[in-house]
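The structure appears right after this line, and notes come after that.
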Amino acid sequence: MKRTIVITMLIGVGLFATHAQSFRFDFGKGKAEKGFLKVLPETVFSQESGYGIDLGTKVIANHSIGKTALTDGFLTSDQPFYFSVKLPEGNYNIKLWVGDDQGVADVAIRAENRRMFVNRLQTDKGKHQLVEFTVNIRDSLIAGSGRKVRLKSREYGYLHWDNKLTLEFNSTQPKINAIEITPNKEAVSVFLAGNSTVVDGAGEPFSAWGQMFPYFFKPGKVAIVNLAESGETLSGFISARRFAKMLSLMKPGDYALVEFGHNDQKQKGAGVGAFTTYKKDLEYFINEVKKKGGHPVLVTSVQRRRFEQGKIVETLGDYPAAVRQTAREQHIPMIDLNAMSKTLFESMGEQASLLAFAHFPAGTFPGRAEAIADNTHFRPFGAYEVAKLILKGVRDAGLDLAKEIKATEPSFDPTRPDAYVSFYWPESPGKDATKPDGN
C-alpha cells in the first residue's frame, strides 16, 4: 500500500516551501477524515501555516453534521472565496469534493489568475461529487541560472507568480467538503507563449483563450503552463526571459504553442518586420524547443473585431503569413487561428460579436467610469470560444495532444458559434477593470 505523507501545522513553513508532498484538507464542521487537516472559517492563510482561506475572503461552515467524515461538512459563502496552499513550483493533481448532506450545491472553480477548471457543477440535495483536474503553479526563478523572469511591475500582484496555489470557489452555493493535492511529474506540459489574447487575465471583464484552455483536458494527463503576458512581442518574450523560463521547465514530449503578432507589428526600426526579425525569432523558438525534446506549434494571430460590409478586415499585416511560411519551411504543426477566428466572428455577425469582446456600458465595473469598447480583448465568453478554435486546431493538426482532450468535448465548428447565454461565468472578485497593456 502506497504511503501518503501528510504535513501537519507543527512541521510549519519549511516543508511547505521546499518539498512537493501530498496535502489533504477537510473543510467545515464535523469529524476530520483520517490524514486530513481540518479547515474552518478561522483557518486564515499565513506564510507560517502554509494554507488557509485567503485574500481577505470570508466563509461560513455547515450547521448540520453529515454522515461521512470526508463529506460531513463544508465551507461556503454568498461571495466568491479563495483557499491557498504554499507549494513549490510544479504540476499538481487536484481532487475536490463538493456537496451538502442537507442541501444542494452550485460551484464554479478557477485557479490562480482566473484559470477555468470547472465551468459549473451542481449537486442535488444530499449528494456529493468528486472533481479532478491538473494545475500548474510557478515562480519567477529560472532553475540553474541564478536569474529571474523580468516581470512588469503589475505582475507582482498577480496570483500566478507567487509561491502558492490559490483556488477560487465561485457561483451561488459553493460548498466545498475536502481537497487533496498531489504532485504530478508525468503530465504533459503545454506551454503557451503569447500576448494579451493568450494571457491569464487578472481582472474582469478581460479574458484570453489561454486561461480557458485547461478546462478541456483530462485530469492527470495535461497541465497548461501559460507564460503569456499583455503587451509582449515575441522578441520581448525572449528578452524578458519568459522563454528561458519555459525551456527550464520543459521535458521531452511537452508542447509549446506560440501566438504573437499584435504588438510585433507596432515595432519600428531598420530591418524590423514580419518576414525578417519576427520570422527569425520564430525559427529560434522552434530550434530551442526541439533541443529540449519538445513539440513547437505555431499559431497565427487571432483577428481583431473590425467589420466592413459584414466581413472581418485583416489588421495584422504580414504576420499571419510569416507564421504560415515558417511552419511550411520548418515542417512544424500550425494552428491557423487567424483564419478560424475570421470565420467565427463573421458567423457571429457584427452585432452579436460584441458579446465576444470587451464592450460594456459606462459604470458597469468598479473603477471604470467610462464605457469599454475594445475590439481586441475578449470577455470570458469570447475567450472560451477562441479556446475552442485552438482545440479544433490541435485536432486538425493531428497532434498526439488531441488524445488527452476530454471525451465529453465535441468538435467545434466555427461557423456555428455557441449562444452567449449558454456560457456561465460568475464574475471573479479582485482587480478593477483596467485595459490590458497593449495586446
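In the C-alpha cells, each chain is lettered A, B, ... as it comes, each chain's residues begin at 1, and ligands are numbered from 1 in order of appearance.
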Name the residues in contact with His377 (chain A) at a cut-off of 7 Å, using only C-alpha atoms, excluding same-chain residues fewer than 2 positions from it; report them as a ChimeraX atom specification.
-> /A:197,206,357-358,374-375,379
**Study point:** Polymer residues at most 9 Å from Lys245 (chain A), only C-alpha atoms, same-chain spacing of 6 or more positions, as JSON, numbers by chain
**Key:** {"A": [140, 141, 142, 143, 148, 149, 227]}
Review point. Any idea what's packed within 9 Å of region 310-313 of chain A, counting only C-alpha atoms, ignoring anything in its chain fewer than 5 positions away? Could you give it as a PyMOL selection string?
Key: chain A and resi 303-305+342-343+345-346+349-350
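Shortest atom-to-atom contact with Asp26 (chain A) among A:Ala228, A:Leu298, A:Ile335, A:Ile179: A:Ile179, counting only C-alpha atoms.
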Margin query: I'd like the neighbourhood of region 77-92 of chain A as an MDAnalysis selection string, where a residue qualifies if any of its atoms comes within 6 Å (using only C-alpha atoms), though same-chain residues fewer than 4 positions away should be ignored.
Written below: chainID A and resid 16:17 50:54 57 59 134:138 163:170 182:184
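Look at Ala240 (chain A): the protein and nucleic acid residues within 10 Å of it, using only C-alpha atoms and passing over chain neighbours fewer than 6 places away, are Lys148, Val149, Arg150, Leu151, Lys152, Glu232 and Leu234 of chain A.
Between CA of Asp106 (chain A) and CA of Leu75 (chain A) the interatomic distance comes to 12.7 Å.
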Once you count only C-alpha atoms, what closest atom pair and distance in Å to one decimal does each residue of region 260-324 of chain A within 10 Å of region 328-334 of chain A have, with rows by chain and rising residue number, as CSV?
```
residue,atom,partner,partner_atom,distance
A:Glu283,CA,A:Gln330,CA,7.9
A:Ile286,CA,A:Ile332,CA,8.3
A:Asn287,CA,A:Gln330,CA,9.5
A:His295,CA,A:Ile332,CA,8.6
A:Pro296,CA,A:Ile332,CA,6.9
A:Val297,CA,A:Pro333,CA,5.2
A:Leu298,CA,A:Met334,CA,4.7
A:Val299,CA,A:Met334,CA,5.7
A:Thr300,CA,A:Met334,CA,7.7
A:Ala322,CA,A:Arg328,CA,10.0
A:Val323,CA,A:Met334,CA,8.2
A:Arg324,CA,A:Arg328,CA,6.3
```
For this session: Would you mind writing down, as a PyMOL selection string, each residue of region 27-204 of chain A that DSSP on the backbone assigns to strand (DSSP E)?
Result: chain A and resi 27+37-39+51-54+60-61+75-76+81-86+90-99+105-111+115-123+128-137+141-142+147-148+164-173+176-183+188-194
Give me a file of those residues, with C-alpha atoms, as an mmCIF file, in the first residue's frame.
```
data_model
loop_
_atom_site.group_PDB
_atom_site.id
_atom_site.type_symbol
_atom_site.label_atom_id
_atom_site.label_comp_id
_atom_site.auth_asym_id
_atom_site.auth_seq_id
_atom_site.Cartn_x
_atom_site.Cartn_y
_atom_site.Cartn_z
ATOM 1 C CA PHE A 27 -13.458 21.610 5.250
ATOM 2 C CA LEU A 37 -6.128 18.724 8.085
ATOM 3 C CA LYS A 38 -9.276 20.447 9.330
ATOM 4 C CA VAL A 39 -10.098 23.821 7.720
ATOM 5 C CA TYR A 51 -2.551 27.123 3.982
ATOM 6 C CA GLY A 52 -5.948 28.670 4.642
ATOM 7 C CA ILE A 53 -8.756 30.920 3.459
ATOM 8 C CA ASP A 54 -7.058 33.718 1.551
ATOM 9 C CA ILE A 60 -19.140 30.062 6.919
ATOM 10 C CA ALA A 61 -19.291 26.407 7.913
ATOM 11 C CA LEU A 75 -17.265 25.740 3.839
ATOM 12 C CA THR A 76 -19.308 28.131 1.747
ATOM 13 C CA PHE A 81 -13.849 32.860 -1.767
ATOM 14 C CA TYR A 82 -10.230 31.748 -2.035
ATOM 15 C CA PHE A 83 -8.209 28.943 -0.496
ATOM 16 C CA SER A 84 -4.413 28.890 -0.840
ATOM 17 C CA VAL A 85 -1.685 26.347 -0.158
ATOM 18 C CA LYS A 86 2.011 27.145 -0.127
ATOM 19 C CA GLY A 90 5.244 22.204 -10.461
ATOM 20 C CA ASN A 91 2.177 20.404 -11.766
ATOM 21 C CA TYR A 92 -0.403 19.108 -9.288
ATOM 22 C CA ASN A 93 -3.435 16.864 -9.434
ATOM 23 C CA ILE A 94 -6.401 18.263 -7.529
ATOM 24 C CA LYS A 95 -9.214 16.172 -6.097
ATOM 25 C CA LEU A 96 -12.053 18.235 -4.714
ATOM 26 C CA TRP A 97 -15.277 17.051 -3.083
ATOM 27 C CA VAL A 98 -18.394 19.210 -3.451
ATOM 28 C CA GLY A 99 -21.855 18.816 -1.924
ATOM 29 C CA ALA A 105 -24.511 22.894 -4.112
ATOM 30 C CA ASP A 106 -23.604 25.082 -7.092
ATOM 31 C CA VAL A 107 -19.951 25.915 -7.768
ATOM 32 C CA ALA A 108 -17.555 27.252 -10.414
ATOM 33 C CA ILE A 109 -13.871 26.522 -9.784
ATOM 34 C CA ARG A 110 -10.872 28.527 -11.001
ATOM 35 C CA ALA A 111 -7.211 28.627 -10.039
ATOM 36 C CA ARG A 115 -7.968 29.855 -14.953
ATOM 37 C CA MET A 116 -11.180 27.938 -15.585
ATOM 38 C CA PHE A 117 -11.323 24.308 -14.456
ATOM 39 C CA VAL A 118 -14.985 23.793 -13.564
ATOM 40 C CA ASN A 119 -17.409 25.915 -15.521
ATOM 41 C CA ARG A 120 -20.354 24.947 -13.349
ATOM 42 C CA LEU A 121 -21.128 21.967 -11.127
ATOM 43 C CA GLN A 122 -24.488 21.470 -9.416
ATOM 44 C CA THR A 123 -25.280 18.677 -6.952
ATOM 45 C CA HIS A 128 -21.667 14.863 -3.329
ATOM 46 C CA GLN A 129 -19.389 14.836 -6.335
ATOM 47 C CA LEU A 130 -15.657 14.399 -6.803
ATOM 48 C CA VAL A 131 -13.980 16.847 -9.205
ATOM 49 C CA GLU A 132 -10.482 16.272 -10.587
ATOM 50 C CA PHE A 133 -8.135 18.495 -12.595
ATOM 51 C CA THR A 134 -4.438 19.229 -13.054
ATOM 52 C CA VAL A 135 -2.997 22.672 -12.417
ATOM 53 C CA ASN A 136 0.434 24.224 -12.882
ATOM 54 C CA ILE A 137 1.934 26.675 -10.404
ATOM 55 C CA LEU A 141 13.073 31.818 -10.796
ATOM 56 C CA ILE A 142 14.896 30.201 -13.715
ATOM 57 C CA ARG A 147 18.234 34.596 -12.879
ATOM 58 C CA LYS A 148 14.559 35.502 -12.826
ATOM 59 C CA LYS A 164 1.330 29.162 -3.585
ATOM 60 C CA LEU A 165 -1.616 27.558 -5.298
ATOM 61 C CA THR A 166 -4.761 29.682 -4.995
ATOM 62 C CA LEU A 167 -8.181 28.180 -5.734
ATOM 63 C CA GLU A 168 -11.251 30.338 -6.337
ATOM 64 C CA PHE A 169 -14.710 28.995 -5.461
ATOM 65 C CA ASN A 170 -17.494 30.900 -7.155
ATOM 66 C CA SER A 171 -21.198 30.645 -8.093
ATOM 67 C CA THR A 172 -24.343 30.685 -5.957
ATOM 68 C CA GLN A 173 -23.696 27.892 -3.408
ATOM 69 C CA ILE A 176 -16.513 22.603 -0.561
ATOM 70 C CA ASN A 177 -16.095 19.415 1.504
ATOM 71 C CA ALA A 178 -12.457 18.457 1.042
ATOM 72 C CA ILE A 179 -9.377 18.903 -1.153
ATOM 73 C CA GLU A 180 -6.458 16.613 -1.948
ATOM 74 C CA ILE A 181 -3.384 17.985 -3.743
ATOM 75 C CA THR A 182 -0.775 15.595 -5.179
ATOM 76 C CA PRO A 183 2.331 16.343 -7.280
ATOM 77 C CA VAL A 188 2.420 16.580 -20.473
ATOM 78 C CA SER A 189 3.034 20.302 -20.007
ATOM 79 C CA VAL A 190 1.582 22.539 -22.709
ATOM 80 C CA PHE A 191 3.425 25.858 -22.625
ATOM 81 C CA LEU A 192 1.736 28.962 -24.003
ATOM 82 C CA ALA A 193 3.752 31.912 -25.302
ATOM 83 C CA GLY A 194 1.786 34.979 -26.309
#
```
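For Tyr420 (chain A), the residues within 9 Å (counting only C-alpha atoms, excluding itself and residues fewer than 3 positions away along the chain) are Ala352, Leu355, Ala356, Phe381, Gly382, Pro417, Phe423 and Tyr424 of chain A.
Closest approach to Leu401 (chain A) from the set A:Ser347, A:Ala187, A:Lys175, A:Met340 is made by A:Ala187, with distances taken over only C-alpha atoms.
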Problem set entry | Surrounding residues of Asp101 (chain A) excluding itself and chain neighbours under 6 positions, 7 Å, only C-alpha atoms, as a ChimeraX atom specification | /A:66,72,125-127
Would you mind exporting the chosen residues as a short mmCIF file (atom, residue, chain, number, x, y, z; two decimals), in the first residue's frame, restricted to all heavy atoms?
```
data_model
loop_
_atom_site.label_atom_id
_atom_site.label_comp_id
_atom_site.auth_asym_id
_atom_site.auth_seq_id
_atom_site.Cartn_x
_atom_site.Cartn_y
_atom_site.Cartn_z
N GLY A 66 -23.00 15.95 8.60
CA GLY A 66 -23.42 14.89 7.70
C GLY A 66 -23.02 13.51 8.15
O GLY A 66 -22.68 13.29 9.32
N ASP A 72 -18.86 15.27 5.58
CA ASP A 72 -19.90 15.60 6.57
C ASP A 72 -20.01 17.10 6.85
O ASP A 72 -20.92 17.55 7.54
CB ASP A 72 -19.69 14.83 7.87
CG ASP A 72 -18.39 15.23 8.60
OD1 ASP A 72 -17.60 16.00 8.01
OD2 ASP A 72 -18.18 14.75 9.73
N LYS A 125 -29.73 17.70 -3.60
CA LYS A 125 -29.79 17.64 -2.15
C LYS A 125 -29.29 16.29 -1.65
O LYS A 125 -29.72 15.23 -2.13
CB LYS A 125 -31.21 17.88 -1.67
CG LYS A 125 -31.35 17.91 -0.15
CD LYS A 125 -32.79 18.23 0.26
CE LYS A 125 -32.91 18.24 1.79
NZ LYS A 125 -34.30 18.57 2.22
N GLY A 126 -28.34 16.36 -0.70
CA GLY A 126 -27.82 15.14 -0.10
C GLY A 126 -26.75 14.44 -0.92
O GLY A 126 -26.25 13.39 -0.51
N LYS A 127 -26.38 15.01 -2.05
CA LYS A 127 -25.42 14.36 -2.94
C LYS A 127 -24.07 15.07 -2.89
O LYS A 127 -23.98 16.26 -2.59
CB LYS A 127 -25.94 14.34 -4.38
CG LYS A 127 -27.26 13.62 -4.56
CD LYS A 127 -27.13 12.13 -4.26
CE LYS A 127 -28.45 11.40 -4.50
NZ LYS A 127 -28.33 9.94 -4.23
#
```
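Proximity of A:Glu370, A:Asp336, A:Asp162, A:Asp400 to Gly253 (chain A), computed with only C-alpha atoms, is greatest for A:Asp400.
Using only C-alpha atoms for every distance, the candidate list A:Ser64, A:Ser235, A:Thr71, A:Thr364 yields A:Thr71 as the residue closest to Phe25 (chain A).
Ranking A:Asn338, A:Asn113, A:Asn195, A:Thr315 by their shortest atom-to-atom distance to Asn263 (chain A), with only C-alpha atoms included, puts A:Asn195 first.
Our summary of the geometry notes that CA of Lys29 (chain A) is positioned 26.9 Å from CA of Pro426 (chain A).
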Using only C-alpha atoms, the best pick from A:Ala202, A:Lys406, A:Lys279, A:Ser428 as closest to Arg154 (chain A) would be A:Ala202
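CA of Leu247 (chain A) sits 22.4 Å away from CA of Glu404 (chain A).
Backbone DSSP over region 229-304 of chain A yields alpha helix (DSSP H) at A:Leu234, A:Ser235, A:Gly236, A:Phe237, A:Ile238, A:Ser239, A:Arg242, A:Phe243, A:Ala244, A:Lys245, A:Met246, A:Leu247, A:Ser248, A:Leu249, A:Lys279, A:Lys280, A:Asp281, A:Leu282, A:Glu283, A:Tyr284, A:Phe285, A:Ile286, A:Asn287, A:Glu288, A:Val289, A:Lys290, A:Lys291.
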Resulting file, chosen residues, N, CA and C atoms, as a PDB file, in the first residue's frame:
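And here's part_38.pdb as it stands now:
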```pdb
ATOM      1  N   LEU A 234       7.138  38.796 -29.557  1.00  0.00           N
ATOM      2  CA  LEU A 234       7.938  37.580 -29.469  1.00  0.00           C
ATOM      3  C   LEU A 234       9.362  37.911 -29.033  1.00  0.00           C
ATOM      4  N   SER A 235       9.925  38.977 -29.568  1.00  0.00           N
ATOM      5  CA  SER A 235      11.286  39.354 -29.158  1.00  0.00           C
ATOM      6  C   SER A 235      11.320  39.757 -27.691  1.00  0.00           C
ATOM      7  N   GLY A 236      10.262  40.437 -27.213  1.00  0.00           N
ATOM      8  CA  GLY A 236      10.181  40.810 -25.803  1.00  0.00           C
ATOM      9  C   GLY A 236       9.997  39.601 -24.904  1.00  0.00           C
ATOM     10  N   PHE A 237       9.255  38.607 -25.368  1.00  0.00           N
ATOM     11  CA  PHE A 237       9.068  37.369 -24.619  1.00  0.00           C
ATOM     12  C   PHE A 237      10.412  36.685 -24.389  1.00  0.00           C
ATOM     13  N   ILE A 238      11.256  36.759 -25.398  1.00  0.00           N
ATOM     14  CA  ILE A 238      12.588  36.154 -25.290  1.00  0.00           C
ATOM     15  C   ILE A 238      13.496  36.990 -24.389  1.00  0.00           C
ATOM     16  N   SER A 239      13.525  38.296 -24.605  1.00  0.00           N
ATOM     17  CA  SER A 239      14.454  39.141 -23.846  1.00  0.00           C
ATOM     18  C   SER A 239      14.068  39.264 -22.373  1.00  0.00           C
ATOM     19  N   ARG A 242      11.145  35.066 -20.384  1.00  0.00           N
ATOM     20  CA  ARG A 242       9.973  34.187 -20.285  1.00  0.00           C
ATOM     21  C   ARG A 242      10.236  32.903 -21.061  1.00  0.00           C
ATOM     22  N   PHE A 243      10.928  33.037 -22.193  1.00  0.00           N
ATOM     23  CA  PHE A 243      11.265  31.851 -22.976  1.00  0.00           C
ATOM     24  C   PHE A 243      12.286  30.990 -22.233  1.00  0.00           C
ATOM     25  N   ALA A 244      13.262  31.625 -21.593  1.00  0.00           N
ATOM     26  CA  ALA A 244      14.227  30.872 -20.790  1.00  0.00           C
ATOM     27  C   ALA A 244      13.520  30.126 -19.664  1.00  0.00           C
ATOM     28  N   LYS A 245      12.527  30.751 -19.054  1.00  0.00           N
ATOM     29  CA  LYS A 245      11.739  30.094 -18.011  1.00  0.00           C
ATOM     30  C   LYS A 245      11.031  28.863 -18.585  1.00  0.00           C
ATOM     31  N   MET A 246      10.441  29.024 -19.760  1.00  0.00           N
ATOM     32  CA  MET A 246       9.760  27.917 -20.414  1.00  0.00           C
ATOM     33  C   MET A 246      10.724  26.749 -20.644  1.00  0.00           C
ATOM     34  N   LEU A 247      11.880  27.038 -21.208  1.00  0.00           N
ATOM     35  CA  LEU A 247      12.844  25.987 -21.516  1.00  0.00           C
ATOM     36  C   LEU A 247      13.359  25.307 -20.251  1.00  0.00           C
ATOM     37  N   SER A 248      13.474  26.066 -19.168  1.00  0.00           N
ATOM     38  CA  SER A 248      13.964  25.488 -17.912  1.00  0.00           C
ATOM     39  C   SER A 248      12.986  24.473 -17.330  1.00  0.00           C
ATOM     40  N   LEU A 249      11.717  24.583 -17.685  1.00  0.00           N
ATOM     41  CA  LEU A 249      10.689  23.684 -17.160  1.00  0.00           C
ATOM     42  C   LEU A 249      10.353  22.548 -18.113  1.00  0.00           C
ATOM     43  N   LYS A 279      10.210  36.464 -38.136  1.00  0.00           N
ATOM     44  CA  LYS A 279      10.436  35.115 -38.655  1.00  0.00           C
ATOM     45  C   LYS A 279      11.704  34.504 -38.049  1.00  0.00           C
ATOM     46  N   LYS A 280      12.729  35.314 -37.900  1.00  0.00           N
ATOM     47  CA  LYS A 280      13.966  34.829 -37.295  1.00  0.00           C
ATOM     48  C   LYS A 280      13.735  34.383 -35.858  1.00  0.00           C
ATOM     49  N   ASP A 281      12.939  35.157 -35.117  1.00  0.00           N
ATOM     50  CA  ASP A 281      12.636  34.791 -33.730  1.00  0.00           C
ATOM     51  C   ASP A 281      11.800  33.512 -33.668  1.00  0.00           C
ATOM     52  N   LEU A 282      10.874  33.346 -34.605  1.00  0.00           N
ATOM     53  CA  LEU A 282      10.096  32.106 -34.655  1.00  0.00           C
ATOM     54  C   LEU A 282      11.012  30.906 -34.881  1.00  0.00           C
ATOM     55  N   GLU A 283      11.972  31.053 -35.782  1.00  0.00           N
ATOM     56  CA  GLU A 283      12.905  29.961 -36.068  1.00  0.00           C
ATOM     57  C   GLU A 283      13.759  29.643 -34.841  1.00  0.00           C
ATOM     58  N   TYR A 284      14.170  30.670 -34.119  1.00  0.00           N
ATOM     59  CA  TYR A 284      14.922  30.461 -32.884  1.00  0.00           C
ATOM     60  C   TYR A 284      14.069  29.723 -31.857  1.00  0.00           C
ATOM     61  N   PHE A 285      12.819  30.136 -31.706  1.00  0.00           N
ATOM     62  CA  PHE A 285      11.874  29.500 -30.791  1.00  0.00           C
ATOM     63  C   PHE A 285      11.757  28.014 -31.125  1.00  0.00           C
ATOM     64  N   ILE A 286      11.546  27.714 -32.384  1.00  0.00           N
ATOM     65  CA  ILE A 286      11.390  26.326 -32.835  1.00  0.00           C
ATOM     66  C   ILE A 286      12.623  25.496 -32.501  1.00  0.00           C
ATOM     67  N   ASN A 287      13.781  26.006 -32.842  1.00  0.00           N
ATOM     68  CA  ASN A 287      15.025  25.249 -32.653  1.00  0.00           C
ATOM     69  C   ASN A 287      15.305  24.974 -31.179  1.00  0.00           C
ATOM     70  N   GLU A 288      15.067  25.970 -30.314  1.00  0.00           N
ATOM     71  CA  GLU A 288      15.351  25.784 -28.891  1.00  0.00           C
ATOM     72  C   GLU A 288      14.372  24.799 -28.250  1.00  0.00           C
ATOM     73  N   VAL A 289      13.111  24.832 -28.659  1.00  0.00           N
ATOM     74  CA  VAL A 289      12.136  23.869 -28.135  1.00  0.00           C
ATOM     75  C   VAL A 289      12.511  22.455 -28.565  1.00  0.00           C
ATOM     76  N   LYS A 290      12.921  22.313 -29.813  1.00  0.00           N
ATOM     77  CA  LYS A 290      13.326  20.993 -30.305  1.00  0.00           C
ATOM     78  C   LYS A 290      14.530  20.447 -29.533  1.00  0.00           C
ATOM     79  N   LYS A 291      15.461  21.326 -29.182  1.00  0.00           N
ATOM     80  CA  LYS A 291      16.632  20.898 -28.420  1.00  0.00           C
ATOM     81  C   LYS A 291      16.240  20.280 -27.085  1.00  0.00           C
TER      82      LYS A 291
END
```
